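Chemist: Next comes model.txt, compact mmCIF, N, CA and C atoms:
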# COMPACT_ATOMS: atom_id res chain seq x y z
N MET A 908 -121.75 159.86 29.50
CA MET A 908 -121.98 161.28 29.64
C MET A 908 -120.70 162.07 29.38
N LEU A 909 -119.58 161.58 29.87
CA LEU A 909 -118.33 162.29 29.67
C LEU A 909 -117.96 162.37 28.20
N ILE A 910 -118.22 161.30 27.44
CA ILE A 910 -117.87 161.33 26.03
C ILE A 910 -118.72 162.35 25.29
N ALA A 911 -119.97 162.52 25.67
CA ALA A 911 -120.84 163.51 25.03
C ALA A 911 -120.29 164.92 25.24
N ARG A 912 -119.85 165.22 26.45
CA ARG A 912 -119.30 166.54 26.73
C ARG A 912 -118.00 166.76 25.97
N THR A 913 -117.15 165.75 25.93
CA THR A 913 -115.88 165.86 25.22
C THR A 913 -116.12 166.09 23.73
N LEU A 914 -117.04 165.34 23.14
CA LEU A 914 -117.33 165.50 21.72
C LEU A 914 -117.91 166.87 21.41
N THR A 915 -118.78 167.36 22.29
CA THR A 915 -119.34 168.69 22.09
C THR A 915 -118.24 169.75 22.10
N GLN A 916 -117.29 169.61 22.98
CA GLN A 916 -116.19 170.57 23.06
C GLN A 916 -115.26 170.48 21.85
N LEU A 917 -115.17 169.31 21.24
CA LEU A 917 -114.29 169.13 20.09
C LEU A 917 -114.95 169.57 18.78
N GLN A 918 -116.24 169.80 18.77
CA GLN A 918 -116.95 170.14 17.55
C GLN A 918 -116.97 171.65 17.31
N VAL A 919 -115.81 172.21 17.13
CA VAL A 919 -115.65 173.62 16.78
C VAL A 919 -114.78 173.69 15.54
N LYS A 920 -114.75 174.83 14.93
CA LYS A 920 -113.93 175.03 13.73
C LYS A 920 -112.55 175.52 14.15
N PRO A 921 -111.55 174.64 14.20
CA PRO A 921 -110.20 175.08 14.59
C PRO A 921 -109.59 175.97 13.51
N ALA A 922 -108.74 176.88 13.94
CA ALA A 922 -108.13 177.84 13.01
C ALA A 922 -107.12 177.18 12.08
N SER A 923 -106.55 176.07 12.49
CA SER A 923 -105.51 175.42 11.68
C SER A 923 -105.49 173.92 12.01
N PRO A 924 -104.83 173.14 11.15
CA PRO A 924 -104.67 171.71 11.46
C PRO A 924 -103.89 171.47 12.76
N GLU A 925 -102.95 172.35 13.06
CA GLU A 925 -102.18 172.21 14.29
C GLU A 925 -103.08 172.39 15.51
N ARG A 926 -104.00 173.37 15.42
CA ARG A 926 -104.93 173.60 16.53
C ARG A 926 -105.90 172.43 16.67
N ALA A 927 -106.32 171.84 15.56
CA ALA A 927 -107.19 170.66 15.62
C ALA A 927 -106.48 169.51 16.32
N LYS A 928 -105.19 169.35 16.03
CA LYS A 928 -104.41 168.30 16.68
C LYS A 928 -104.32 168.55 18.18
N GLU A 929 -104.05 169.80 18.57
CA GLU A 929 -103.99 170.15 19.98
C GLU A 929 -105.31 169.86 20.67
N MET A 930 -106.41 170.27 20.04
CA MET A 930 -107.73 170.08 20.63
C MET A 930 -108.07 168.59 20.75
N GLY A 931 -107.74 167.81 19.73
CA GLY A 931 -108.00 166.38 19.78
C GLY A 931 -107.23 165.70 20.90
N GLN A 932 -105.97 166.11 21.07
CA GLN A 932 -105.15 165.55 22.14
C GLN A 932 -105.69 165.95 23.51
N LEU A 933 -106.09 167.20 23.66
CA LEU A 933 -106.66 167.65 24.93
C LEU A 933 -107.97 166.91 25.22
N GLY A 934 -108.77 166.70 24.18
CA GLY A 934 -110.02 165.95 24.36
C GLY A 934 -109.77 164.54 24.82
N TYR A 935 -108.74 163.89 24.24
CA TYR A 935 -108.39 162.53 24.66
C TYR A 935 -107.95 162.52 26.13
N MET A 936 -107.11 163.48 26.50
CA MET A 936 -106.65 163.53 27.89
C MET A 936 -107.80 163.80 28.85
N GLN A 937 -108.74 164.66 28.45
CA GLN A 937 -109.91 164.93 29.29
C GLN A 937 -110.76 163.68 29.45
N TRP A 938 -111.01 163.00 28.33
CA TRP A 938 -111.81 161.77 28.38
C TRP A 938 -111.13 160.72 29.25
N LEU A 939 -109.83 160.53 29.05
CA LEU A 939 -109.07 159.54 29.81
C LEU A 939 -109.08 159.86 31.30
N GLY A 940 -108.90 161.11 31.64
CA GLY A 940 -108.89 161.52 33.04
C GLY A 940 -110.24 161.37 33.72
N GLY A 941 -111.31 161.34 32.94
CA GLY A 941 -112.65 161.21 33.50
C GLY A 941 -113.15 159.79 33.64
N LEU A 942 -112.36 158.82 33.21
CA LEU A 942 -112.80 157.44 33.32
C LEU A 942 -112.81 157.00 34.78
N PRO A 943 -113.79 156.19 35.16
CA PRO A 943 -113.82 155.68 36.54
C PRO A 943 -112.61 154.79 36.82
N ALA A 944 -112.23 154.70 38.06
CA ALA A 944 -111.02 153.96 38.45
C ALA A 944 -111.05 152.49 38.03
N GLY A 945 -112.17 151.84 38.13
CA GLY A 945 -112.23 150.41 37.83
C GLY A 945 -112.69 150.09 36.42
N ALA A 946 -112.74 151.08 35.55
CA ALA A 946 -113.27 150.87 34.20
C ALA A 946 -112.32 150.05 33.33
N CYS A 947 -112.88 149.27 32.43
CA CYS A 947 -112.09 148.52 31.46
C CYS A 947 -111.76 149.48 30.31
N TYR A 948 -110.47 149.76 30.12
CA TYR A 948 -110.07 150.75 29.12
C TYR A 948 -110.54 150.35 27.72
N GLN A 949 -110.36 149.11 27.35
CA GLN A 949 -110.73 148.68 26.00
C GLN A 949 -112.22 148.88 25.72
N THR A 950 -113.03 148.55 26.68
CA THR A 950 -114.48 148.72 26.53
C THR A 950 -114.84 150.20 26.42
N GLU A 951 -114.28 151.00 27.31
CA GLU A 951 -114.57 152.44 27.30
C GLU A 951 -114.07 153.09 26.02
N ALA A 952 -112.87 152.71 25.56
CA ALA A 952 -112.32 153.29 24.33
C ALA A 952 -113.15 152.90 23.12
N ALA A 953 -113.61 151.65 23.08
CA ALA A 953 -114.45 151.21 21.96
C ALA A 953 -115.77 151.97 21.95
N CYS A 954 -116.37 152.15 23.11
CA CYS A 954 -117.63 152.91 23.20
C CYS A 954 -117.43 154.36 22.79
N ALA A 955 -116.32 154.97 23.21
CA ALA A 955 -116.02 156.35 22.85
C ALA A 955 -115.80 156.47 21.35
N TYR A 956 -115.11 155.51 20.76
CA TYR A 956 -114.84 155.52 19.32
C TYR A 956 -116.16 155.42 18.55
N ILE A 957 -117.03 154.53 18.97
CA ILE A 957 -118.33 154.37 18.30
C ILE A 957 -119.15 155.66 18.41
N ALA A 958 -119.11 156.31 19.56
CA ALA A 958 -119.85 157.56 19.74
C ALA A 958 -119.28 158.69 18.89
N ALA A 959 -117.96 158.68 18.67
CA ALA A 959 -117.31 159.76 17.92
C ALA A 959 -117.34 159.56 16.41
N MET A 960 -117.54 158.33 15.96
CA MET A 960 -117.49 158.01 14.53
C MET A 960 -118.34 158.94 13.65
N PRO A 961 -119.58 159.26 14.00
CA PRO A 961 -120.39 160.10 13.10
C PRO A 961 -119.83 161.51 12.89
N PHE A 962 -118.94 161.96 13.76
CA PHE A 962 -118.46 163.33 13.69
C PHE A 962 -117.04 163.47 13.12
N LYS A 963 -116.36 162.35 12.92
CA LYS A 963 -114.95 162.44 12.55
C LYS A 963 -114.74 162.97 11.13
N GLU A 964 -115.70 162.82 10.25
CA GLU A 964 -115.56 163.33 8.88
C GLU A 964 -115.71 164.85 8.81
N THR A 965 -116.50 165.42 9.70
CA THR A 965 -116.79 166.85 9.63
C THR A 965 -116.00 167.70 10.62
N ASP A 966 -115.45 167.07 11.65
CA ASP A 966 -114.74 167.82 12.69
C ASP A 966 -113.31 167.31 12.84
N PRO A 967 -112.32 168.11 12.44
CA PRO A 967 -110.92 167.65 12.48
C PRO A 967 -110.43 167.25 13.87
N ALA A 968 -110.86 167.94 14.91
CA ALA A 968 -110.41 167.59 16.26
C ALA A 968 -110.97 166.23 16.69
N VAL A 969 -112.18 165.92 16.27
CA VAL A 969 -112.77 164.61 16.58
C VAL A 969 -112.01 163.52 15.82
N GLU A 970 -111.56 163.82 14.61
CA GLU A 970 -110.77 162.85 13.85
C GLU A 970 -109.46 162.54 14.56
N VAL A 971 -108.81 163.55 15.13
CA VAL A 971 -107.58 163.33 15.91
C VAL A 971 -107.89 162.49 17.14
N PHE A 972 -108.98 162.80 17.82
CA PHE A 972 -109.42 162.04 18.99
C PHE A 972 -109.62 160.57 18.63
N CYS A 973 -110.31 160.33 17.51
CA CYS A 973 -110.54 158.95 17.06
C CYS A 973 -109.22 158.25 16.72
N GLY A 974 -108.30 158.97 16.13
CA GLY A 974 -106.99 158.39 15.81
C GLY A 974 -106.24 157.96 17.06
N LEU A 975 -106.33 158.76 18.11
CA LEU A 975 -105.68 158.39 19.36
C LEU A 975 -106.34 157.16 19.99
N LEU A 976 -107.65 157.10 19.91
CA LEU A 976 -108.35 155.91 20.43
C LEU A 976 -107.95 154.66 19.65
N ARG A 977 -107.91 154.77 18.31
CA ARG A 977 -107.51 153.62 17.49
C ARG A 977 -106.10 153.18 17.81
N ALA A 978 -105.18 154.15 17.92
CA ALA A 978 -103.77 153.83 18.21
C ALA A 978 -103.63 153.16 19.57
N SER A 979 -104.39 153.63 20.55
CA SER A 979 -104.28 153.05 21.89
C SER A 979 -104.84 151.63 21.94
N LEU A 980 -105.82 151.34 21.10
CA LEU A 980 -106.38 150.00 21.08
C LEU A 980 -105.53 149.05 20.24
N LYS A 981 -104.90 149.58 19.20
CA LYS A 981 -104.10 148.75 18.31
C LYS A 981 -102.81 148.29 18.99
N THR A 982 -102.10 149.21 19.60
CA THR A 982 -100.85 148.89 20.30
C THR A 982 -100.92 149.47 21.71
N PRO A 983 -101.55 148.76 22.64
CA PRO A 983 -101.82 149.32 23.96
C PRO A 983 -100.59 149.64 24.81
N LEU A 984 -99.47 149.04 24.54
CA LEU A 984 -98.29 149.29 25.38
C LEU A 984 -97.32 150.29 24.77
N GLN A 985 -97.71 150.95 23.71
CA GLN A 985 -96.87 151.96 23.08
C GLN A 985 -97.32 153.35 23.52
N PRO A 986 -96.38 154.27 23.76
CA PRO A 986 -96.78 155.63 24.15
C PRO A 986 -97.46 156.35 22.98
N LEU A 987 -98.42 157.18 23.31
CA LEU A 987 -99.13 157.97 22.32
C LEU A 987 -98.45 159.32 22.15
N ASP A 988 -98.65 159.92 21.00
CA ASP A 988 -98.10 161.25 20.71
C ASP A 988 -99.04 162.29 21.33
N LEU A 989 -98.81 162.61 22.60
CA LEU A 989 -99.62 163.58 23.31
C LEU A 989 -98.75 164.72 23.82
N ALA A 990 -99.26 165.93 23.72
CA ALA A 990 -98.53 167.09 24.23
C ALA A 990 -99.52 168.17 24.61
N LEU A 991 -99.18 168.93 25.61
CA LEU A 991 -99.99 170.09 25.94
C LEU A 991 -99.71 171.19 24.93
N PRO A 992 -100.70 172.02 24.61
CA PRO A 992 -100.46 173.09 23.64
C PRO A 992 -99.47 174.12 24.16
N LYS A 993 -98.74 174.69 23.23
CA LYS A 993 -97.81 175.77 23.59
C LYS A 993 -98.61 176.99 24.02
N PRO A 994 -98.22 177.64 25.11
CA PRO A 994 -98.97 178.83 25.54
C PRO A 994 -98.84 179.95 24.52
N LYS A 995 -99.98 180.50 24.11
CA LYS A 995 -99.98 181.68 23.23
C LYS A 995 -101.37 182.26 23.22
N ARG A 996 -101.47 183.49 22.81
CA ARG A 996 -102.77 184.15 22.74
C ARG A 996 -103.52 183.64 21.51
N ARG A 997 -104.79 183.35 21.71
CA ARG A 997 -105.58 182.80 20.61
C ARG A 997 -106.81 183.63 20.29
N GLY A 998 -106.95 184.79 20.90
CA GLY A 998 -108.07 185.66 20.55
C GLY A 998 -109.15 185.77 21.59
N GLY A 999 -109.09 184.98 22.64
CA GLY A 999 -110.02 185.11 23.74
C GLY A 999 -111.46 184.77 23.40
N ALA A 1000 -112.37 185.42 24.11
CA ALA A 1000 -113.80 185.12 23.99
C ALA A 1000 -114.32 185.41 22.59
N LYS A 1001 -113.84 186.47 21.96
CA LYS A 1001 -114.31 186.81 20.61
C LYS A 1001 -114.03 185.68 19.63
N GLU A 1002 -112.84 185.11 19.66
CA GLU A 1002 -112.50 184.01 18.77
C GLU A 1002 -113.28 182.76 19.09
N ARG A 1003 -113.53 182.49 20.37
CA ARG A 1003 -114.34 181.34 20.75
C ARG A 1003 -115.75 181.46 20.19
N ARG A 1004 -116.33 182.66 20.28
CA ARG A 1004 -117.68 182.87 19.74
C ARG A 1004 -117.68 182.68 18.22
N LEU A 1005 -116.65 183.13 17.55
CA LEU A 1005 -116.59 183.01 16.09
C LEU A 1005 -116.37 181.57 15.65
N SER A 1006 -115.78 180.74 16.52
CA SER A 1006 -115.48 179.36 16.13
C SER A 1006 -116.69 178.45 16.21
N LEU A 1007 -117.78 178.89 16.80
CA LEU A 1007 -118.98 178.04 16.93
C LEU A 1007 -119.82 178.04 15.68
Please express what this file holds, its structure, as structure tokens.

Modeler:
Amino acid sequence: MLIARTLTQLQVKPASPERAKEMGQLGYMQWLGGLPAGACYQTEAACAYIAAMPFKETDPAVEVFCGLLRASLKTPLQPLDLALPKPKRRGGAKERRLSL
């Protein structure tokens, strides 16, 4: 259920490739934070990747999300390139409505 919500939130038209990267990273952090305490990361990441695969060609933020999942499974003990977005005005509710 958590992966469905995360994917829905990532399926918007970002204004730029940088914003898509930010959104993909935030989606990964949201998904990771929502995993149950005793969950097997590899299993959950593989399931999330399979669920996201159909959308990665059409949604840039989902492609970033999939890249982070692949990187975490390929080299599990290496840090991922994650960062919180820089604070700035992005247009508020009007821009959110236009991005759908």

Chemist: Between A:Ala1000, A:Leu976, A:Val969, A:Gly945, which has the minimum distance to A:Gln916 (counting all atoms listed in the file)?

Modeler: A:Val969

Chemist: Please report the interatomic distance between atom CA of A:Pro967 and atom C of A:Trp938 in Å with one decimal.

Modeler: 18.1 Å

Chemist: Provide the atom CA of A:Lys920 to atom C of A:Leu1005 distance in Å, to one decimal place.

Modeler: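 Going from atom CA of A:Lys920 over to atom C of A:Leu1005, I get 7.2 Å.
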
Chemist: Compile the contact shell of stretch 946-958 of chain A as a PyMOL selection string: residues with an atom at most 8 Å away, counting only C-alpha atoms, same-chain residues fewer than 3 positions apart removed.

Modeler: chain A and resi 910+942-943+961+973+976-977+980

Chemist: So how far away is atom N of A:Met930 from atom CA of A:Pro986, in Å?

Modeler: 18.0 Å

Chemist: Restricting the calculation to all atoms listed in the file: of A:Leu933, A:Ser923, A:Leu975, A:Lys963, which residue gets closest to A:Leu987?

Modeler: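 Comparing A:Leu933, A:Ser923, A:Leu975, A:Lys963 against A:Leu987, the winner is A:Leu975.
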
Chemist: Quick check for you: according to DSSP on this backbone, which residues of stretch 925-1004 of chain A are classed as alpha helix (DSSP H)? Reply as a PyMOL selection string.

Modeler: chain A and resi 925-940+948-959+967-981+999-1004
